[in-house]
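Peer 1: Contents of model.tsv (TSV, C-alpha atoms and all ligand atoms) are given next:
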chain	number	residue	atom	x	y	z
A	1	MET	CA	0.00	0.00	0.00
A	2	LEU	CA	1.36	3.41	-0.99
A	3	ASP	CA	1.27	6.04	1.73
A	4	ARG	CA	-0.46	9.02	0.12
A	5	THR	CA	-0.70	11.16	3.25
A	6	LEU	CA	1.72	13.61	1.66
A	7	SER	CA	2.47	14.06	-2.01
A	8	VAL	CA	4.00	16.60	-4.35
A	9	ALA	CA	1.73	17.53	-7.25
A	10	PRO	CA	2.49	16.83	-10.91
A	11	MET	CA	3.80	20.06	-12.46
A	12	LEU	CA	4.79	20.45	-16.11
A	13	ASP	CA	8.30	21.78	-16.52
A	14	ARG	CA	8.90	21.36	-12.77
A	15	THR	CA	8.56	17.78	-11.52
A	16	ASP	CA	11.09	16.22	-13.86
A	17	ARG	CA	13.37	13.44	-12.72
A	18	HIS	CA	16.01	15.79	-11.29
A	19	GLN	CA	13.47	17.62	-9.17
A	20	ARG	CA	12.08	14.30	-7.96
A	21	TYR	CA	15.51	12.96	-7.04
A	22	PHE	CA	16.09	16.13	-5.05
A	23	MET	CA	12.66	15.97	-3.38
A	24	ARG	CA	13.29	12.38	-2.40
A	25	LEU	CA	16.39	13.50	-0.48
A	26	VAL	CA	14.32	16.17	1.22
A	27	ALA	CA	11.25	14.06	1.98
A	28	PRO	CA	11.76	10.29	2.09
A	29	ARG	CA	8.08	9.37	2.58
A	30	THR	CA	6.31	11.81	0.29
A	31	LEU	CA	4.73	10.36	-2.85
A	32	LEU	CA	6.13	12.05	-5.96
A	33	TYR	CA	4.42	12.56	-9.31
A	34	THR	CA	5.85	13.00	-12.77
A	35	GLU	CA	4.83	15.86	-15.00
A	36	MET	CA	1.86	14.96	-17.18
A	37	VAL	CA	2.96	12.77	-20.08
A	38	THR	CA	0.44	12.46	-22.90
A	39	SER	CA	-0.47	9.01	-24.10
A	40	GLY	CA	0.36	10.19	-27.63
A	41	ALA	CA	3.90	11.07	-26.59
A	42	LEU	CA	4.39	7.53	-25.32
A	43	VAL	CA	2.71	5.84	-28.26
A	44	HIS	CA	4.52	7.86	-30.93
A	45	GLY	CA	7.54	9.40	-29.17
A	46	ASP	CA	10.70	8.52	-27.29
A	47	VAL	CA	9.48	6.35	-24.43
A	48	ALA	CA	12.79	6.27	-22.55
A	49	ARG	CA	13.09	10.05	-22.63
A	50	HIS	CA	9.69	10.37	-20.98
A	51	LEU	CA	9.80	7.45	-18.58
A	52	ASP	CA	13.39	6.94	-17.45
A	53	PHE	CA	13.94	7.74	-13.80
A	54	HIS	CA	16.30	6.91	-10.94
A	55	ALA	CA	15.19	4.07	-8.68
A	56	ALA	CA	15.92	6.25	-5.64
A	57	GLU	CA	13.00	8.51	-6.60
A	58	ARG	CA	10.44	5.86	-5.72
A	59	PRO	CA	7.67	5.82	-4.82
A	60	VAL	CA	6.74	7.70	-8.00
A	61	ALA	CA	3.41	7.97	-9.82
A	62	LEU	CA	3.29	8.48	-13.57
A	63	GLN	CA	0.66	11.00	-14.57
A	64	LEU	CA	-0.90	10.42	-17.97
A	65	GLY	CA	-2.92	12.77	-20.13
A	66	GLY	CA	-5.23	11.19	-22.65
A	67	SER	CA	-8.70	9.87	-23.30
A	68	ASP	CA	-8.19	6.94	-25.64
A	69	PRO	CA	-8.73	3.82	-23.51
A	70	ALA	CA	-6.52	1.59	-25.68
A	71	GLU	CA	-3.67	4.11	-25.72
A	72	LEU	CA	-3.93	4.70	-21.99
A	73	ALA	CA	-3.96	0.96	-21.37
A	74	HIS	CA	-0.75	0.64	-23.37
A	75	CYS	CA	0.80	3.47	-21.35
A	76	ALA	CA	-0.29	1.94	-18.05
A	77	ARG	CA	1.51	-1.25	-19.01
A	78	LEU	CA	4.61	0.76	-19.86
A	79	ALA	CA	4.40	2.45	-16.45
A	80	GLU	CA	4.50	-0.92	-14.76
A	81	GLU	CA	7.35	-2.18	-16.95
A	82	TRP	CA	9.34	0.96	-16.17
A	83	GLY	CA	8.93	0.49	-12.41
A	84	TYR	CA	6.43	3.20	-11.47
A	85	ASP	CA	4.27	2.74	-8.38
A	86	GLU	CA	1.01	4.28	-9.58
A	87	VAL	CA	-0.64	5.52	-12.76
A	88	ASN	CA	-2.64	8.71	-12.50
A	89	LEU	CA	-5.04	10.12	-15.07
A	90	ASN	CA	-5.16	13.89	-15.50
A	91	VAL	CA	-8.74	15.16	-15.42
A	92	GLY	CA	-7.78	18.64	-14.22
A	93	CYS	CA	-5.70	20.44	-16.80
A	94	PRO	CA	-7.64	23.18	-18.61
A	95	SER	CA	-5.12	24.23	-21.30
A	96	ASP	CA	-6.34	24.72	-24.87
A	97	ARG	CA	-3.88	22.17	-26.18
A	98	VAL	CA	-5.23	19.56	-23.80
A	99	GLN	CA	-8.86	20.43	-24.60
A	100	ASN	CA	-8.13	20.05	-28.30
A	101	GLY	CA	-6.90	16.57	-27.52
A	102	ARG	CA	-10.17	16.03	-25.57
A	103	PHE	CA	-8.51	15.24	-22.29
A	104	GLY	CA	-7.64	16.97	-19.02
A	105	ALA	CA	-10.37	18.92	-17.18
A	106	CYS	CA	-12.90	18.70	-20.02
A	107	LEU	CA	-13.19	14.98	-19.23
A	108	MET	CA	-15.16	15.92	-16.11
A	109	ALA	CA	-18.09	16.24	-18.52
A	110	GLU	CA	-17.52	12.65	-19.68
A	111	PRO	CA	-17.58	10.36	-16.66
A	112	GLU	CA	-18.44	7.37	-18.86
A	113	LEU	CA	-15.31	7.85	-20.91
A	114	VAL	CA	-13.15	8.34	-17.80
A	115	ALA	CA	-14.62	5.14	-16.39
A	116	GLU	CA	-13.78	3.33	-19.62
A	117	CYS	CA	-10.21	4.65	-19.49
A	118	VAL	CA	-9.80	3.50	-15.88
A	119	THR	CA	-11.15	0.04	-16.70
A	120	ALA	CA	-8.86	-0.29	-19.71
A	121	MET	CA	-5.82	0.72	-17.68
A	122	GLN	CA	-6.67	-1.61	-14.85
A	123	GLU	CA	-6.94	-4.48	-17.29
A	124	THR	CA	-3.32	-4.05	-18.35
A	125	THR	CA	-1.63	-3.21	-15.07
A	126	ALA	CA	-1.64	-4.31	-11.48
A	127	LEU	CA	-0.58	-0.80	-10.45
A	128	PRO	CA	-3.11	1.40	-8.68
A	129	VAL	CA	-4.90	3.64	-11.18
A	130	THR	CA	-5.87	7.00	-9.66
A	131	VAL	CA	-7.62	10.11	-10.98
A	132	LYS	CA	-6.76	13.78	-10.37
A	133	HIS	CA	-9.64	16.09	-11.11
A	134	ARG	CA	-11.25	19.42	-10.33
A	135	ILE	CA	-14.35	20.39	-8.35
A	136	GLY	CA	-16.07	21.02	-11.66
A	137	ILE	CA	-15.84	22.87	-14.93
A	138	ASP	CA	-17.58	26.00	-16.26
A	139	HIS	CA	-21.15	26.16	-14.98
A	140	THR	CA	-21.19	22.47	-14.11
A	141	ASP	CA	-19.56	22.87	-10.74
A	142	ASP	CA	-22.15	22.01	-8.13
A	143	TYR	CA	-21.38	19.32	-5.59
A	144	PRO	CA	-23.82	16.68	-6.98
A	145	HIS	CA	-22.00	16.74	-10.32
A	146	MET	CA	-18.65	16.05	-8.70
A	147	ARG	CA	-20.22	13.38	-6.49
A	148	ASP	CA	-21.78	11.64	-9.49
A	149	PHE	CA	-18.52	11.85	-11.44
A	150	VAL	CA	-16.64	10.21	-8.58
A	151	ALA	CA	-19.34	7.60	-8.07
A	152	ARG	CA	-19.21	6.60	-11.75
A	153	VAL	CA	-15.42	6.39	-11.90
A	154	ALA	CA	-15.32	4.53	-8.59
A	155	ARG	CA	-17.71	1.92	-10.03
A	156	ALA	CA	-15.08	1.32	-12.71
A	157	GLY	CA	-12.64	0.39	-9.95
A	158	CYS	CA	-10.78	3.62	-9.10
A	159	THR	CA	-10.38	3.91	-5.34
A	160	THR	CA	-8.16	7.00	-5.06
A	161	PHE	CA	-9.23	10.50	-6.11
A	162	ILE	CA	-7.10	13.61	-5.87
A	163	VAL	CA	-9.15	16.76	-6.09
A	164	HIS	CA	-7.81	20.21	-6.94
A	165	ALA	CA	-10.19	22.24	-4.80
A	166	ARG	CA	-11.17	24.67	-7.56
A	167	LYS	CA	-13.34	24.57	-10.60
A	168	ALA	CA	-11.75	25.25	-13.97
A	169	TRP	CA	-13.05	27.63	-16.60
A	170	LEU	CA	-12.37	26.02	-19.95
A	171	GLN	CA	-12.72	29.30	-21.85
A	172	GLY	CA	-11.37	32.69	-20.93
A	173	LEU	CA	-8.84	31.78	-18.24
A	174	SER	CA	-5.27	30.64	-18.85
A	175	PRO	CA	-4.06	27.51	-17.02
A	176	ARG	CA	-2.22	29.79	-14.64
A	177	GLU	CA	-5.33	31.87	-13.89
A	178	ASN	CA	-7.23	28.62	-13.44
A	179	ARG	CA	-4.86	27.81	-10.56
A	180	GLU	CA	-5.44	31.18	-8.92
A	181	LYS	CA	-8.75	32.80	-9.71
A	182	PRO	CA	-11.47	30.24	-9.00
A	183	PRO	CA	-11.86	30.20	-5.19
A	184	LEU	CA	-10.68	27.22	-3.15
A	185	ARG	CA	-13.50	24.93	-2.03
A	186	HIS	CA	-11.90	22.35	0.23
A	187	ALA	CA	-15.12	21.85	2.21
A	188	GLU	CA	-16.69	20.09	-0.77
A	189	ILE	CA	-13.84	17.61	-0.81
A	190	HIS	CA	-14.42	16.93	2.88
A	191	ARG	CA	-18.03	16.24	1.98
A	192	LEU	CA	-16.87	13.88	-0.75
A	193	LYS	CA	-14.89	11.93	1.85
A	194	ARG	CA	-17.95	11.77	4.12
A	195	ASP	CA	-20.09	10.52	1.24
A	196	PHE	CA	-17.51	7.94	0.12
A	197	PRO	CA	-15.72	6.85	3.30
A	198	GLN	CA	-14.46	3.71	1.54
A	199	LEU	CA	-12.57	5.74	-1.09
A	200	GLU	CA	-9.20	7.38	-0.58
A	201	ILE	CA	-9.73	11.12	-1.06
A	202	LEU	CA	-6.85	13.58	-1.29
A	203	THR	CA	-7.15	17.33	-1.41
A	204	ASN	CA	-4.96	19.75	-3.33
A	205	GLY	CA	-4.77	23.50	-3.81
A	206	GLY	CA	-3.33	26.44	-1.92
A	207	LEU	CA	-1.71	24.45	0.90
A	208	SER	CA	1.41	26.37	1.86
A	209	THR	CA	2.03	25.63	5.54
A	210	VAL	CA	2.17	22.48	7.65
A	211	ASP	CA	-0.77	23.87	9.64
A	212	HIS	CA	-2.86	24.04	6.45
A	213	MET	CA	-1.97	20.43	5.73
A	214	ALA	CA	-2.79	19.30	9.27
A	215	GLU	CA	-6.20	21.03	9.07
A	216	GLN	CA	-7.01	19.20	5.85
A	217	LEU	CA	-5.82	15.86	7.15
A	218	ALA	CA	-8.52	16.03	9.81
A	219	HIS	CA	-11.03	15.60	6.95
A	220	VAL	CA	-9.35	13.70	4.12
A	221	ASP	CA	-6.82	10.91	3.62
A	222	GLY	CA	-3.99	12.94	2.14
A	223	VAL	CA	-2.78	16.30	0.95
A	224	MET	CA	-1.05	17.07	-2.31
A	225	VAL	CA	1.16	20.15	-2.43
A	226	GLY	CA	2.28	21.82	-5.65
A	227	ARG	CA	3.72	25.31	-5.89
A	228	ALA	CA	4.61	25.70	-2.22
A	229	ALA	CA	6.65	22.47	-2.29
A	230	TYR	CA	8.49	23.63	-5.39
A	231	GLN	CA	9.30	27.10	-4.10
A	232	ASP	CA	10.13	26.03	-0.54
A	233	PRO	CA	11.05	22.32	-0.70
A	234	TRP	CA	11.89	22.18	2.99
A	235	LEU	CA	8.19	22.60	3.69
A	236	MET	CA	7.80	18.90	2.82
A	237	ALA	CA	10.58	17.86	5.20
A	238	GLU	CA	8.85	19.79	7.97
A	239	ALA	CA	5.52	18.29	6.99
A	240	GLU	CA	6.96	14.78	7.22
A	241	ARG	CA	8.56	15.49	10.56
A	242	ARG	CA	5.42	16.98	12.08
A	243	LEU	CA	2.74	14.87	10.43
A	244	LEU	CA	4.46	11.50	9.99
A	245	GLY	CA	7.05	11.63	12.77
A	246	ALA	CA	10.79	11.03	12.90
A	247	HIS	CA	12.46	8.89	10.25
A	248	PRO	CA	16.05	7.67	9.98
A	249	ASP	CA	16.34	8.94	6.37
A	250	LEU	CA	15.43	12.54	7.20
A	251	LEU	CA	18.53	14.59	6.37
A	252	ASP	CA	19.31	18.18	7.24
A	253	ARG	CA	19.52	20.74	4.44
A	254	ARG	CA	23.25	20.69	4.12
A	255	GLN	CA	23.23	16.89	3.89
A	256	VAL	CA	20.57	17.12	1.20
A	257	ALA	CA	22.77	19.52	-0.79
A	258	GLU	CA	25.79	17.27	-0.35
A	259	HIS	CA	23.94	14.16	-1.49
A	260	TYR	CA	22.53	16.06	-4.42
A	261	LEU	CA	26.03	17.18	-5.34
A	262	ALA	CA	27.03	13.56	-5.88
A	263	TYR	CA	23.99	13.08	-8.12
A	264	VAL	CA	24.86	16.26	-10.03
A	265	GLU	CA	28.36	15.00	-10.71
A	266	ALA	CA	27.03	11.69	-12.00
A	267	GLU	CA	24.44	13.41	-14.21
A	268	LEU	CA	26.95	15.92	-15.60
A	269	ALA	CA	29.16	12.99	-16.56
A	270	GLN	CA	26.17	11.63	-18.53
A	271	GLY	CA	25.83	14.91	-20.42
A	272	ALA	CA	23.20	16.77	-18.36
A	273	ARG	CA	23.44	20.57	-18.13
A	274	LEU	CA	24.14	22.04	-14.73
A	275	GLN	CA	21.29	24.51	-14.89
A	276	ALA	CA	18.78	21.74	-15.53
A	277	LEU	CA	19.95	20.21	-12.24
A	278	THR	CA	20.25	23.32	-10.09
A	279	ARG	CA	17.09	25.17	-11.12
A	280	HIS	CA	15.01	22.99	-8.81
A	281	ILE	CA	17.06	23.56	-5.69
A	282	LEU	CA	17.11	27.36	-5.49
A	283	GLY	CA	14.63	27.38	-2.61
A	284	LEU	CA	16.39	24.80	-0.43
A	285	PHE	CA	17.62	27.27	2.16
A	286	GLN	CA	14.58	29.54	2.04
A	287	GLY	CA	14.18	31.49	5.26
A	288	LEU	CA	17.72	30.86	6.48
A	289	PRO	CA	20.83	33.06	6.50
A	290	GLY	CA	22.65	32.70	3.20
A	291	ALA	CA	19.53	31.70	1.26
A	292	ARG	CA	19.81	34.69	-1.09
A	293	ALA	CA	23.52	34.19	-1.73
A	294	TRP	CA	22.86	30.51	-2.50
A	295	ARG	CA	20.05	31.31	-4.91
A	296	ARG	CA	21.95	34.14	-6.59
A	297	HIS	CA	25.16	32.18	-7.01
A	298	LEU	CA	23.34	29.27	-8.62
A	299	SER	CA	21.14	31.37	-10.87
A	300	GLU	CA	24.00	33.51	-12.11
A	301	ASN	CA	26.63	30.84	-12.59
A	302	ALA	CA	24.88	27.59	-13.48
A	303	PRO	CA	23.81	28.78	-16.96
A	304	ARG	CA	27.38	29.74	-17.95
A	305	PRO	CA	29.01	27.57	-20.61
A	306	GLY	CA	31.18	24.88	-19.07
A	307	ALA	CA	29.67	25.35	-15.58
A	308	ASP	CA	30.32	22.28	-13.44
A	309	ALA	CA	29.65	20.96	-9.94
A	310	ASP	CA	32.06	23.53	-8.46
A	311	VAL	CA	29.30	26.11	-8.86
A	312	LEU	CA	27.20	24.09	-6.45
A	313	ARG	CA	30.12	23.67	-4.04
A	314	GLN	CA	30.74	27.42	-4.06
A	315	ALA	CA	27.06	28.13	-3.47
A	316	LEU	CA	27.06	25.77	-0.51
A	317	ALA	CA	30.09	27.54	0.97
A	318	LYS	CA	28.04	30.75	0.97
A	319	VAL	CA	25.42	29.32	3.28
A	320	ALA	CA	26.31	29.98	6.92
A	321	PRO	CA	27.84	26.84	8.46
A	322	SER	CA	25.78	27.33	11.61
A	323	LEU	CA	22.51	27.31	9.72
A	324	GLU	CA	21.43	23.84	10.72
A	325	THR	CA	20.91	25.00	14.28
A	326	ALA	CA	18.01	26.99	12.82
A	327	ASP	CA	16.27	23.82	11.58
B	1	LIG	C1	3.87	25.00	-13.32
B	1	LIG	C2	2.71	24.08	-13.05
B	1	LIG	C3	2.52	22.97	-13.84
B	1	LIG	C4	1.46	22.08	-13.60
B	1	LIG	N1	1.34	20.94	-14.34
B	1	LIG	C5	0.40	20.02	-14.00
B	1	LIG	C6	0.37	18.73	-14.62
B	1	LIG	O1	1.21	18.38	-15.48
B	1	LIG	N2	-0.62	17.88	-14.25
B	1	LIG	C7	-1.56	18.20	-13.30
B	1	LIG	O2	-2.42	17.39	-12.98
B	1	LIG	N3	-1.52	19.39	-12.68
B	1	LIG	C8	-0.56	20.30	-12.99
B	1	LIG	N4	-0.48	21.46	-12.30
B	1	LIG	C9	-1.46	21.72	-11.21
B	1	LIG	C10	-0.91	21.20	-9.87
B	1	LIG	O3	-0.74	19.81	-9.91
B	1	LIG	C11	-1.85	21.57	-8.73
B	1	LIG	O4	-3.09	20.93	-8.93
B	1	LIG	C12	-2.10	23.08	-8.61
B	1	LIG	O5	-0.90	23.81	-8.75
B	1	LIG	C13	-2.76	23.43	-7.26
B	1	LIG	O6	-1.94	23.03	-6.18
B	1	LIG	P1	-0.99	24.09	-5.40
B	1	LIG	O7	-1.85	25.27	-5.00
B	1	LIG	O8	-0.47	23.33	-4.22
B	1	LIG	O9	0.08	24.51	-6.35
B	1	LIG	C14	0.56	22.35	-12.54
B	1	LIG	C15	0.76	23.48	-11.73
B	1	LIG	C16	1.83	24.33	-11.97
B	1	LIG	C17	2.05	25.52	-11.06
Could you rewrite the structure in this file as structure tokens?
Peer 2:
Amino acid sequence: MLDRTLSVAPMLDRTDRHQRYFMRLVAPRTLLYTEMVTSGALVHGDVARHLDFHAAERPVALQLGGSDPAELAHCARLAEEWGYDEVNLNVGCPSDRVQNGRFGACLMAEPELVAECVTAMQETTALPVTVKHRIGIDHTDDYPHMRDFVARVARAGCTTFIVHARKAWLQGLSPRENREKPPLRHAEIHRLKRDFPQLEILTNGGLSTVDHMAEQLAHVDGVMVGRAAYQDPWLMAEAERRLLGAHPDLLDRRQVAEHYLAYVEAELAQGARLQALTRHILGLFQGLPGARAWRRHLSENAPRPGADADVLRQALAKVAPSLETAD
């Protein structure tokens, strides 16, 4: 059984394998998600480029975007072959590109099709198949609609639902605005959990402190954190410590940076660019002395041609040695 009490949300252009390796050092028990990968990209594109990851990142869920049951079934099988721990279907993304492909948030209007997709995926993999969705879309955003959507997809065999606690407007708002403008409605997700106590219900959206997470966990089975975990990764270490208790693998921030340095050296030797590795770790020391110098040194020097792991070593030297007493 995967522990989904805490997870970091799928984020395009953010939660790539380097970010996940780093988050795993920060938070050993938090479930990590890939960026959304479209079923088309796996059927027609470079599978290894999309699916390769480091075993140390596990547990990791692969998030898929698509609405063709046969394609999704094929992708779910690939997920299992590649060693992922969960397959998640995106029913929350409102971008135009995704709508044109008839997947993402617009699928909330097609519970039958989502149910078919879930069934097809479950037939090809033993991995848990989960769904991440919104409260609703456009004017179809009252609680009964969401309840009926979940009931239908649950009948197909899905037992875990992750709900972004906002509706999405499919026209007129950009994906970014759709993560900010529609108000948060966590109470309706609490109601969902009361109506379906047998299902695992996770809430997502606007959680930026451990207190927020603790409040939600009184009502639901898990919390998924996106932007706050990316900007201030240590939030997830604190969340683990406070909400899950002590763990032998919990490192301090300097140890995280040192472990990551070894990974960076190995990845650079394989041809990775330093900036692709350091861009995810700028917030590691957020709130501590030296945080700005760390961030500035990395952002200014990592993009330079020929930049190597020394840039990271120098940045680390700029963080006050006594900082861990502040943890
Ligand atoms: C840059 C960015 C990219 C995102 N990409 C995805 C994605 O690929 N799949 C998905 O389901 N949600 C995606 N989201 C939405 C997040 O998973 C999450 O639902 C949303 O940000 C709300 O959570 P938060 O307030 O904790 O950030 C993305 C969000 C951001 C900020």
Peer 1: Just want the residues within 9 Å of ligand LIG 1 (chain B), written as a PyMOL selection string, counting only C-alpha atoms and all ligand atoms.
Peer 2: chain A and resi 8-15+33-37+63-65+88-93+104+132-134+162-166+175-176+178-180+204-208+224-230
Peer 1: Write to file, as a PDB file, in the coordinates of the input, the residues of the selection just made, with C-alpha atoms.
Peer 2:
ATOM      1  CA  VAL A   8       4.000  16.600  -4.350  1.00  0.00           C
ATOM      2  CA  ALA A   9       1.730  17.530  -7.250  1.00  0.00           C
ATOM      3  CA  PRO A  10       2.490  16.830 -10.910  1.00  0.00           C
ATOM      4  CA  MET A  11       3.800  20.060 -12.460  1.00  0.00           C
ATOM      5  CA  LEU A  12       4.790  20.450 -16.110  1.00  0.00           C
ATOM      6  CA  ASP A  13       8.300  21.780 -16.520  1.00  0.00           C
ATOM      7  CA  ARG A  14       8.900  21.360 -12.770  1.00  0.00           C
ATOM      8  CA  THR A  15       8.560  17.780 -11.520  1.00  0.00           C
ATOM      9  CA  TYR A  33       4.420  12.560  -9.310  1.00  0.00           C
ATOM     10  CA  THR A  34       5.850  13.000 -12.770  1.00  0.00           C
ATOM     11  CA  GLU A  35       4.830  15.860 -15.000  1.00  0.00           C
ATOM     12  CA  MET A  36       1.860  14.960 -17.180  1.00  0.00           C
ATOM     13  CA  VAL A  37       2.960  12.770 -20.080  1.00  0.00           C
ATOM     14  CA  GLN A  63       0.660  11.000 -14.570  1.00  0.00           C
ATOM     15  CA  LEU A  64      -0.900  10.420 -17.970  1.00  0.00           C
ATOM     16  CA  GLY A  65      -2.920  12.770 -20.130  1.00  0.00           C
ATOM     17  CA  ASN A  88      -2.640   8.710 -12.500  1.00  0.00           C
ATOM     18  CA  LEU A  89      -5.040  10.120 -15.070  1.00  0.00           C
ATOM     19  CA  ASN A  90      -5.160  13.890 -15.500  1.00  0.00           C
ATOM     20  CA  VAL A  91      -8.740  15.160 -15.420  1.00  0.00           C
ATOM     21  CA  GLY A  92      -7.780  18.640 -14.220  1.00  0.00           C
ATOM     22  CA  CYS A  93      -5.700  20.440 -16.800  1.00  0.00           C
ATOM     23  CA  GLY A 104      -7.640  16.970 -19.020  1.00  0.00           C
ATOM     24  CA  LYS A 132      -6.760  13.780 -10.370  1.00  0.00           C
ATOM     25  CA  HIS A 133      -9.640  16.090 -11.110  1.00  0.00           C
ATOM     26  CA  ARG A 134     -11.250  19.420 -10.330  1.00  0.00           C
ATOM     27  CA  ILE A 162      -7.100  13.610  -5.870  1.00  0.00           C
ATOM     28  CA  VAL A 163      -9.150  16.760  -6.090  1.00  0.00           C
ATOM     29  CA  HIS A 164      -7.810  20.210  -6.940  1.00  0.00           C
ATOM     30  CA  ALA A 165     -10.190  22.240  -4.800  1.00  0.00           C
ATOM     31  CA  ARG A 166     -11.170  24.670  -7.560  1.00  0.00           C
ATOM     32  CA  PRO A 175      -4.060  27.510 -17.020  1.00  0.00           C
ATOM     33  CA  ARG A 176      -2.220  29.790 -14.640  1.00  0.00           C
ATOM     34  CA  ASN A 178      -7.230  28.620 -13.440  1.00  0.00           C
ATOM     35  CA  ARG A 179      -4.860  27.810 -10.560  1.00  0.00           C
ATOM     36  CA  GLU A 180      -5.440  31.180  -8.920  1.00  0.00           C
ATOM     37  CA  ASN A 204      -4.960  19.750  -3.330  1.00  0.00           C
ATOM     38  CA  GLY A 205      -4.770  23.500  -3.810  1.00  0.00           C
ATOM     39  CA  GLY A 206      -3.330  26.440  -1.920  1.00  0.00           C
ATOM     40  CA  LEU A 207      -1.710  24.450   0.900  1.00  0.00           C
ATOM     41  CA  SER A 208       1.410  26.370   1.860  1.00  0.00           C
ATOM     42  CA  MET A 224      -1.050  17.070  -2.310  1.00  0.00           C
ATOM     43  CA  VAL A 225       1.160  20.150  -2.430  1.00  0.00           C
ATOM     44  CA  GLY A 226       2.280  21.820  -5.650  1.00  0.00           C
ATOM     45  CA  ARG A 227       3.720  25.310  -5.890  1.00  0.00           C
ATOM     46  CA  ALA A 228       4.610  25.700  -2.220  1.00  0.00           C
ATOM     47  CA  ALA A 229       6.650  22.470  -2.290  1.00  0.00           C
ATOM     48  CA  TYR A 230       8.490  23.630  -5.390  1.00  0.00           C
TER      49      TYR A 230
END
Peer 1: Do a neighbour search on Ala56 in chain A at 9 Å with all atoms listed in the file, toss out local chain neighbours closer than 6 positions, and write the hits as a list in words.
Peer 2: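 Close residues of Ala56 in chain A: Tyr21, Arg24 and Leu25 of chain A.
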Peer 1: Keeping C-alpha atoms, export the residues of the selection given above as a PDB file, keeping the file's coordinate frame.
Peer 2:
ATOM      1  CA  TYR A  21      15.510  12.960  -7.040  1.00  0.00           C
ATOM      2  CA  ARG A  24      13.290  12.380  -2.400  1.00  0.00           C
ATOM      3  CA  LEU A  25      16.390  13.500  -0.480  1.00  0.00           C
TER       4      LEU A  25
END
Peer 1: Hey, what's within 9 Å of Glu116 in chain A if we count all atoms listed in the file and toss same-chain stuff fewer than 4 positions away? As a ChimeraX atom specification, please?
Peer 2: /A:68-69,111-112,120-121,153,156
Peer 1: Between CA of Trp234 in chain A and CA of Leu268 in chain A, measure the distance and give it in Å to one decimal.
Peer 2: 24.7 Å
Peer 1: Separation of CA of Asp195 in chain A and CA of Asp142 in chain A, in Å?
Peer 2: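 Separation between CA of Asp195 in chain A and CA of Asp142 in chain A: 15.0 Å.
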Peer 1: One decimal, in Å: what's the spacing between CA of Ala302 in chain A and CA of His18 in chain A?
Peer 2: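 Straight-line distance from CA of Ala302 in chain A to CA of His18 in chain A works out to 14.9 Å.
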Peer 1: Calculated over only C-alpha atoms, which of the candidates A:Ile137, A:Ala291, A:Ala27, A:Val87 has the smallest distance to Met108 in chain A?
Peer 2: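 Between A:Ile137, A:Ala291, A:Ala27, A:Val87, the residue approaching Met108 in chain A most closely is A:Ile137.
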Peer 1: As an MDAnalysis selection string, please: the residues near range 235-247 of chain A (cut-off 9 Å, only C-alpha atoms, same-chain neighbours under 4 positions excluded).
Peer 2: chainID A and resid 5:8 23 26:30 208:211 213:214 225 228:229 251:252
Peer 1: Quick one: of A:Gly290, A:Gly66, A:Pro248, A:Pro233, who's nearest to Val98 in chain A, counting only C-alpha atoms?
Peer 2: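 Checking each of A:Gly290, A:Gly66, A:Pro248, A:Pro233 against Val98 in chain A, counting only C-alpha atoms, the winner is A:Gly66.
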Peer 1: Using all atoms listed in the file, which residue out of A:Ala257, A:Leu184, A:Leu127, A:Ala109 lies closest to Arg152 in chain A?
Peer 2: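 Going through A:Ala257, A:Leu184, A:Leu127, A:Ala109 one by one, the smallest distance to Arg152 in chain A is for A:Ala109.
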Peer 1: Between A:Gln122, A:Gln275, A:Asn100, A:Thr159, which is the closest to Lys193 in chain A once you count all atoms listed in the file?
Peer 2: A:Thr159
Peer 1: Let me make sure I understand: among A:Leu170, A:Glu200, A:Arg147, A:Leu51, which one has the smallest atom-to-atom distance to Glu188 in chain A if we use all atoms listed in the file?
Peer 2: A:Arg147
Peer 1: For Ile281 in chain A, list every protein, DNA or RNA residue within 8 Å, evaluated using all atoms listed in the file, and leave out those in the same chain fewer than 2 positions away; present the list as a list in words.
Peer 2: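 Result of the neighbour search: Gln19, Phe22, Pro233, Leu277, Thr278, Arg279, Gly283 and Leu284 of chain A.
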Peer 1: Report as a ChimeraX atom specification all protein, DNA and RNA residues lying within 8 Å of Leu31 in chain A, evaluated on only C-alpha atoms, omitting residues in the same chain fewer than 3 positions from it.
Peer 2: /A:2-4,6-8,58-61
Peer 1: Could you pull out every residue with an atom within 10 Å of (-13.5, 1.6, -10.9), file coordinates, counting only C-alpha atoms, and send them as a list in words?
Peer 2: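 With a cut-off of 10 Å, the residues come to Val114, Ala115, Glu116, Cys117, Val118, Thr119, Gln122, Val129, Thr130, Val150, Ala151, Arg152, Val153, Ala154, Arg155, Ala156, Gly157, Cys158, Thr159 and Thr160 of chain A.
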